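Raw contents of data14.txt, compact mmCIF, C-alpha atoms:
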```txt
# COMPACT_ATOMS: atom_id res chain seq x y z
CA THR A 1 -44.50 11.30 -32.93
CA MET A 2 -44.91 8.30 -35.20
CA GLY A 3 -41.45 8.87 -36.72
CA GLU A 4 -39.76 9.01 -33.33
CA SER A 5 -41.60 5.86 -32.24
CA LYS A 6 -40.31 3.94 -35.26
CA LYS A 7 -36.76 5.15 -34.58
CA GLN A 8 -37.01 3.91 -31.00
CA GLU A 9 -38.26 0.53 -32.25
CA SER A 10 -35.23 0.23 -34.53
CA LYS A 11 -32.85 0.93 -31.61
CA TYR A 12 -34.13 -1.52 -29.00
CA PHE A 13 -34.87 -5.21 -29.27
CA SER A 14 -36.30 -7.98 -27.12
CA ILE A 15 -34.20 -10.88 -25.86
CA ASP A 16 -35.89 -13.17 -28.39
CA GLN A 17 -35.06 -10.79 -31.24
CA ILE A 18 -31.41 -10.66 -30.18
CA LYS A 19 -31.20 -14.45 -29.81
CA ASN A 20 -32.83 -14.88 -33.22
CA SER A 21 -30.65 -12.30 -34.95
CA PRO A 22 -30.05 -12.38 -38.72
CA SER A 23 -26.66 -14.01 -38.01
CA PHE A 24 -28.21 -16.75 -35.85
CA ASN A 25 -30.82 -17.43 -38.54
CA ASP A 26 -27.97 -17.84 -41.04
CA GLY A 27 -26.20 -20.48 -38.95
CA ILE A 28 -23.91 -18.37 -36.74
CA SER A 29 -24.09 -19.70 -33.18
CA GLU A 30 -24.96 -17.44 -30.27
CA ASP A 31 -21.46 -17.90 -28.83
CA GLN A 32 -19.83 -17.08 -32.17
CA GLU A 33 -21.86 -13.92 -32.55
CA ARG A 34 -21.14 -12.83 -28.98
CA SER A 35 -17.42 -13.45 -29.55
CA ILE A 36 -17.35 -11.42 -32.78
CA ARG A 37 -19.26 -8.53 -31.21
CA LEU A 38 -16.77 -8.45 -28.35
CA PHE A 39 -13.75 -8.72 -30.67
CA CYS A 40 -14.96 -5.84 -32.83
CA SER A 41 -15.70 -3.62 -29.85
CA VAL A 42 -12.10 -4.09 -28.73
CA PHE A 43 -10.89 -3.59 -32.31
CA ILE A 44 -12.74 -0.26 -32.52
CA SER A 45 -11.05 0.88 -29.30
CA ASP A 46 -7.64 -0.22 -30.62
CA LEU A 47 -8.17 1.63 -33.91
CA ALA A 48 -9.11 4.81 -32.08
CA LYS A 49 -6.16 4.53 -29.71
CA HIS A 50 -3.70 4.05 -32.59
CA ILE A 51 -5.15 6.97 -34.55
CA SER A 52 -5.00 9.22 -31.48
CA GLU A 53 -1.39 8.27 -30.74
CA THR A 54 -0.09 8.70 -34.29
CA SER A 55 -2.10 11.67 -35.52
CA SER A 56 -1.33 15.36 -35.10
CA SER A 57 -5.05 16.03 -34.82
CA LYS A 58 -6.94 15.97 -31.53
CA PRO A 59 -7.55 12.47 -30.11
CA VAL A 60 -10.59 10.44 -31.09
CA SER A 61 -13.17 11.25 -28.40
CA PHE A 62 -14.55 8.61 -26.05
CA SER A 63 -17.98 9.64 -27.28
CA ALA A 64 -17.01 8.75 -30.87
CA ILE A 65 -15.57 5.39 -29.78
CA ASN A 66 -18.70 4.51 -27.82
CA THR A 67 -20.95 5.67 -30.65
CA ALA A 68 -19.04 3.46 -33.11
CA LYS A 69 -19.57 0.43 -30.87
CA ILE A 70 -23.30 1.08 -30.71
CA PHE A 71 -23.43 1.58 -34.51
CA PHE A 72 -21.75 -1.82 -34.89
CA GLN A 73 -24.17 -3.51 -32.49
CA ARG A 74 -27.18 -2.04 -34.30
CA PHE A 75 -25.82 -2.85 -37.75
CA TYR A 76 -25.69 -6.57 -37.03
CA MET A 77 -29.26 -6.60 -35.77
CA HIS A 78 -30.27 -5.85 -39.36
CA GLN A 79 -27.44 -7.59 -41.24
CA SER A 80 -25.97 -11.07 -40.93
CA LEU A 81 -22.38 -11.93 -40.03
CA ALA A 82 -22.75 -14.82 -42.46
CA LYS A 83 -23.34 -12.39 -45.33
CA GLN A 84 -21.48 -9.28 -44.18
CA LYS A 85 -18.41 -11.36 -43.31
CA ASN A 86 -15.80 -8.60 -43.27
CA PHE A 87 -16.66 -7.40 -39.77
CA LYS A 88 -13.35 -5.50 -39.53
CA LEU A 89 -14.47 -3.43 -42.50
CA ILE A 90 -17.75 -2.74 -40.72
CA SER A 91 -15.86 -1.82 -37.53
CA VAL A 92 -13.61 0.67 -39.33
CA THR A 93 -16.59 2.18 -41.15
CA CYS A 94 -18.54 2.53 -37.89
CA LEU A 95 -15.65 4.44 -36.32
CA PHE A 96 -15.21 6.57 -39.45
CA VAL A 97 -18.90 7.56 -39.41
CA ALA A 98 -18.97 8.01 -35.62
CA CYS A 99 -16.02 10.41 -35.75
CA LYS A 100 -17.90 12.54 -38.24
CA SER A 101 -21.15 12.47 -36.27
CA GLU A 102 -19.32 13.35 -33.03
CA GLU A 103 -17.44 16.19 -34.72
CA CYS A 104 -13.94 14.75 -34.49
CA GLY A 105 -13.68 13.66 -38.11
CA ARG A 106 -10.36 13.02 -39.79
CA SER A 107 -8.94 11.79 -43.07
CA LEU A 108 -10.02 8.33 -44.21
CA ARG A 109 -6.39 7.42 -44.76
CA GLU A 110 -5.79 7.48 -40.98
CA PHE A 111 -8.38 4.73 -40.51
CA ILE A 112 -6.88 2.66 -43.33
CA TRP A 113 -3.35 3.07 -41.99
CA ALA A 114 -4.48 2.14 -38.47
CA TRP A 115 -6.14 -1.02 -39.79
CA ASN A 116 -3.04 -1.79 -41.85
CA LYS A 117 -0.89 -1.50 -38.72
CA LEU A 118 -3.17 -3.44 -36.35
CA ASP A 119 -3.97 -6.38 -38.63
CA VAL A 120 -1.76 -9.23 -37.44
CA ASP A 121 -1.44 -12.95 -38.01
CA PRO A 122 -3.49 -14.62 -35.22
CA LYS A 123 -0.74 -17.19 -34.52
CA SER A 124 2.54 -15.33 -34.95
CA ARG A 125 1.10 -11.88 -34.01
CA ILE A 126 3.23 -10.44 -36.82
CA SER A 127 1.78 -7.57 -38.85
CA THR A 128 0.34 -8.74 -42.15
CA TYR A 129 0.03 -5.28 -43.79
CA PRO A 130 -3.10 -6.25 -45.79
CA PHE A 131 -2.98 -2.99 -47.74
CA GLY A 132 0.74 -3.09 -48.50
CA ARG A 133 3.96 -1.71 -46.97
CA TYR A 134 5.56 1.61 -47.64
CA SER A 135 8.91 0.91 -49.26
CA GLY A 136 10.20 4.44 -49.81
CA ASP A 137 11.82 6.76 -47.27
CA ALA A 138 12.99 4.72 -44.27
CA SER A 139 11.84 7.49 -41.90
CA ARG A 140 8.21 6.74 -42.76
CA GLU A 141 6.47 3.83 -41.03
CA ALA A 142 5.87 0.74 -43.16
CA TRP A 143 2.14 0.67 -42.34
CA LYS A 144 1.66 4.08 -43.98
CA THR A 145 1.20 2.53 -47.40
CA GLU A 146 1.09 4.71 -50.50
CA GLU A 147 -2.33 6.27 -51.07
CA GLU A 148 -1.98 5.79 -54.81
CA SER A 149 -1.50 2.02 -54.53
CA THR A 150 -4.16 -0.36 -55.84
CA LEU A 151 -4.69 -1.99 -52.45
CA PHE A 152 -5.15 1.35 -50.71
CA GLN A 153 -7.60 2.63 -53.29
CA ARG A 154 -9.54 -0.63 -53.21
CA ILE A 155 -10.08 -0.57 -49.44
CA ARG A 156 -10.85 3.14 -49.58
CA THR A 157 -13.61 2.43 -52.09
CA ASN A 158 -14.92 -0.46 -49.99
CA ILE A 159 -15.14 1.69 -46.86
CA LEU A 160 -17.03 4.42 -48.72
CA LEU A 161 -19.43 1.84 -50.16
CA CYS A 162 -19.84 0.30 -46.73
CA GLU A 163 -20.57 3.76 -45.33
CA ARG A 164 -23.61 4.01 -47.61
CA VAL A 165 -24.91 0.65 -46.39
CA LEU A 166 -24.32 1.63 -42.76
CA LEU A 167 -26.13 4.96 -43.17
CA HIS A 168 -29.09 3.15 -44.72
CA VAL A 169 -29.22 0.52 -41.96
CA LEU A 170 -29.03 3.21 -39.26
CA GLY A 171 -31.78 5.16 -40.98
CA PHE A 172 -29.45 8.19 -41.00
CA ASP A 173 -30.06 8.46 -37.24
CA PHE A 174 -26.77 9.42 -35.57
CA ASN A 175 -28.27 10.55 -32.27
CA VAL A 176 -26.72 8.31 -29.62
CA ASP A 177 -26.83 8.82 -25.86
CA HIS A 178 -24.39 6.86 -23.72
CA PRO A 179 -24.77 5.41 -20.20
CA GLN A 180 -21.58 7.27 -19.19
CA SER A 181 -23.36 10.62 -19.55
CA PHE A 182 -25.96 9.60 -16.94
CA ILE A 183 -23.65 8.06 -14.32
CA ASP A 184 -22.74 11.21 -12.37
CA ARG A 185 -26.35 12.36 -12.23
CA THR A 186 -27.54 8.92 -11.10
CA MET A 187 -24.82 8.66 -8.46
CA LYS A 188 -25.80 12.06 -7.06
CA TRP A 189 -29.43 10.91 -6.95
CA PHE A 190 -28.44 7.91 -4.84
CA ASN A 191 -26.36 10.19 -2.60
CA ILE A 192 -29.33 12.47 -1.89
CA ASN A 193 -32.27 10.05 -1.88
CA GLU A 194 -30.94 6.69 -0.74
CA ARG A 195 -28.83 7.58 2.27
CA SER A 196 -30.36 6.38 5.51
CA ASP A 197 -29.60 5.43 9.09
CA ARG A 198 -28.07 2.27 7.70
CA GLU A 199 -25.64 4.14 5.45
CA SER A 200 -24.62 7.68 6.38
CA ARG A 201 -21.34 7.93 4.44
CA PRO A 202 -21.70 10.61 1.74
CA LEU A 203 -20.75 9.96 -1.87
CA ALA A 204 -20.43 13.65 -2.61
CA ILE A 205 -20.16 16.92 -0.71
CA ASN A 206 -22.45 19.73 -1.83
CA ASN A 207 -20.74 23.05 -2.54
CA PRO A 208 -23.05 26.09 -2.64
CA GLY A 209 -22.97 27.62 -6.10
CA ALA A 210 -20.67 24.94 -7.46
CA LYS A 211 -20.74 21.31 -8.53
CA PRO A 212 -20.67 18.71 -5.74
CA THR A 213 -17.27 17.22 -4.95
CA TRP A 214 -16.94 13.45 -4.86
CA THR A 215 -15.69 11.92 -1.65
CA GLU A 216 -13.03 9.20 -1.89
CA LEU A 217 -15.80 6.61 -1.67
CA GLY A 218 -17.89 8.38 -4.29
CA HIS A 219 -14.93 8.78 -6.67
CA LYS A 220 -14.19 5.05 -6.41
CA ALA A 221 -17.82 4.17 -7.07
CA VAL A 222 -18.00 6.51 -10.08
CA SER A 223 -14.83 4.96 -11.56
CA ILE A 224 -16.25 1.45 -11.17
CA ALA A 225 -19.57 2.51 -12.70
CA HIS A 226 -17.81 4.02 -15.74
CA GLY A 227 -15.79 0.83 -16.16
CA LEU A 228 -18.97 -1.25 -16.07
CA ALA A 229 -20.61 1.06 -18.61
CA ASN A 230 -17.62 0.73 -20.95
CA ASP A 231 -17.77 -3.06 -20.66
CA ALA A 232 -21.52 -2.99 -21.32
CA LEU A 233 -20.86 -1.49 -24.76
CA CYS A 234 -19.09 -4.73 -25.71
CA THR A 235 -22.37 -6.59 -25.16
CA THR A 236 -25.91 -6.29 -26.52
CA LEU A 237 -27.16 -4.33 -23.48
CA SER A 238 -27.31 -1.14 -25.57
CA LEU A 239 -29.72 -2.99 -27.88
CA ARG A 240 -32.04 -3.99 -25.04
CA TYR A 241 -32.16 -0.99 -22.70
CA PRO A 242 -31.96 2.81 -22.93
CA PRO A 243 -28.76 4.40 -21.60
CA GLU A 244 -30.48 5.69 -18.44
CA ALA A 245 -31.34 2.11 -17.46
CA VAL A 246 -27.81 0.83 -18.11
CA ALA A 247 -26.37 3.74 -16.11
CA ALA A 248 -28.67 3.02 -13.17
CA ALA A 249 -27.66 -0.65 -13.19
CA CYS A 250 -23.95 0.25 -13.38
CA VAL A 251 -24.26 2.69 -10.48
CA SER A 252 -26.21 0.20 -8.38
CA LEU A 253 -23.56 -2.50 -8.97
CA ALA A 254 -20.71 -0.06 -8.33
CA LEU A 255 -22.20 0.96 -4.99
CA ARG A 256 -22.47 -2.67 -4.00
CA CYS A 257 -18.84 -3.18 -4.97
CA VAL A 258 -17.77 -0.41 -2.56
CA ARG A 259 -20.19 -1.78 0.07
CA TRP A 260 -22.29 1.35 0.24
CA ASP A 261 -25.40 0.00 1.96
CA GLY A 262 -27.78 2.70 0.85
CA ALA A 263 -28.03 1.29 -2.66
CA GLY A 264 -31.02 -0.97 -2.99
CA PRO A 265 -32.48 -2.11 -6.32
CA ALA A 266 -32.21 0.53 -9.06
CA ARG A 267 -35.87 1.50 -8.81
CA VAL A 268 -35.72 4.50 -11.10
CA TRP A 269 -34.10 4.51 -14.51
CA ALA A 270 -33.47 8.24 -14.65
CA PRO A 271 -33.10 10.64 -11.72
```

What would the structure in this file look like if it were written as structure tokens?
Amino acid sequence: TMGESKKQESKYFSIDQIKNSPSFNDGISEDQERSIRLFCSVFISDLAKHISETSSSKPVSFSAINTAKIFFQRFYMHQSLAKQKNFKLISVTCLFVACKSEECGRSLREFIWAWNKLDVDPKSRISTYPFGRYSGDASREAWKTEEESTLFQRIRTNILLCERVLLHVLGFDFNVDHPQSFIDRTMKWFNINERSDRESRPLAINNPGAKPTWTELGHKAVSIAHGLANDALCTTLSLRYPPEAVAAACVSLALRCVRWDGAGPARVWAP
């Protein structure tokens, strides 16, 4: 439909569009933008890890983490780093929204506390506690600042305001597919269709009535492919190609890494 076509257009961009991003047009160099995108992808992962380790709720899902990274990448194809300078605020908001869209939502205070804990001085690596320190009961961590404090309430308001901007930029479209969800299927396709006289080693063993079992070689290749897909989310690949294409490329590279000779060029994007 016309609506779906417009949504697709807002998700994927040409190389020229990415190189001439709003940030680049506002004087941010290509290297600077790439560095910030990478830093914030790592920051999102660190936030999620801290929340998962310190919360009594279920851990932040990998799907929510990956969705947040893609939200961040898309956001800065419509907004400029020169104008939306608080990219940590955007990162936290992306994870906050992604957790809700992936059905592992949690209290906003957990995101603020995680940011408060992780924000450190770049030289000394000492925590700066930008939203204050808790000075009451010694059994409570210092980064769990009082919710009634002015600093806490100010950042809470800023995140909620930022959430509105993010929702508008995303067009309220939270449907995100990830390369990781296509890797197993793509690997099995290679195992069935690309094996030849040149490469007879199986990647998986078919079990009647059950899911195929990875061989040692296949398990190693799958692990490498997932690692490549995770790294890809720190780049603009998700802005250029659909997840099936990224998955196919990751699988093809992984099979080359394990020297499985049946893997030629990734000719099909989706098995």

- Task: Work out how far apart CA of Lys220 in chain A and CA of Ser45 in chain A are and give it in Å to one decimal.
- Result: 23.5 Å

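Distance-wise, CA of Glu103 in chain A and CA of His168 in chain A end up 20.1 Å apart.
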
- d(CA of Trp189 in chain A, CA of Lys11 in chain A) in Å: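 Taking CA of Trp189 in chain A and CA of Lys11 in chain A, their separation equals 26.8 Å.
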
Taking every listed atom of range 157-163 of chain A and adding 4 Å to each side, what centre and edge lengths in Å (one decimal) does the axis-aligned box have, as lines of an AutoDock Vina configuration file?
```
center_x = -17.1
center_y = 2.0
center_z = -48.7
size_x = 15.0
size_y = 12.9
size_z = 14.8
```

- Have a look at A:Asn191, A:Ile205, A:Phe182, A:Pro22 and name the one nearest to Ala248 in chain A; count all atoms listed in the file.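 Selected residue with least distance to Ala248 in chain A: A:Phe182.
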
- From the list A:Ala68, A:Ala225, A:Ala232, A:Ala82, the nearest residue to Ser101 in chain A using only C-alpha atoms is A:Ala68

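Near Leu239 in chain A, within 8 Å and counting all atoms listed in the file, sit Lys11, Tyr12, Phe13, Gln73 and Arg74 of chain A; same-chain residues fewer than 6 positions away were not included.
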
- Message: When you count only C-alpha atoms, which of these residues is closest to Trp143 in chain A: A:Phe72, A:Trp113, A:Phe172, A:Phe43?
- Response: A:Trp113

- Message: So that I can check the surroundings of Ser223 in chain A, please list as a ChimeraX atom specification every protein, DNA and RNA residue that reaches within 12 Å of it, counting all atoms listed in the file and ignoring chain neighbours fewer than 3 positions away.
- Response: /A:180,183-184,187,214,216-220,226-230,250-251,253-255,257-258

- Item | Spatial neighbours of Glu110 in chain A, 8 Å, all atoms listed in the file, chain gap at least 4 places, as a list in words |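 Surrounding residues, per the criterion: Ile51, Ser55, Arg106 and Ala114 of chain A.
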
- Note on the structure: Counting only C-alpha atoms, the residue among A:Ser139, A:Ile44, A:Ile224, A:Thr235 that lies closest to Asp31 in chain A is A:Thr235

- Item | From A:Arg37, A:Arg185, A:Lys49, A:Lys83, residue lying nearest Trp115 in chain A [all atoms listed in the file] |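 The closest residue to Trp115 in chain A is A:Lys49.
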
- Message: Which residues are close to Gln79 in chain A, i.e. within 12 Å by all atoms listed in the file, leaving aside same-chain residues fewer than 4 positions away? Reply as an MDAnalysis selection string.
- Response: chainID A and resid 21:26 72:75 83:87 90 165:166 168:170

- Would you list the residues near (-18.8, -8.9, -26.0), meaning any protein, DNA or RNA residue with an atom at most 9 Å from that point in file coordinates, counting only C-alpha atoms, as a PyMOL selection string? chain A and resi 33-42+231-236

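Residues in contact with Leu160 in chain A at 12 Å, where all atoms listed in the file are counted and same-chain residues fewer than 3 positions away are skipped, are listed as A:Leu89, A:Ile90, A:Val92, A:Thr93, A:Cys94, A:Phe96, A:Val97, A:Leu108, A:Arg109, A:Phe111, A:Ile112, A:Gln153, A:Arg154, A:Ile155, A:Arg156, A:Thr157, A:Glu163, A:Arg164, A:Val165, A:Leu166, A:Leu167.
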
- Message: Here is a test: counting only C-alpha atoms, which residue of A:Leu47, A:Cys162, A:Ala98, A:Leu203 is nearest to Ala221 in chain A?
- Response: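 Once distances to Ala221 in chain A are computed over only C-alpha atoms, the minimum belongs to A:Leu203.
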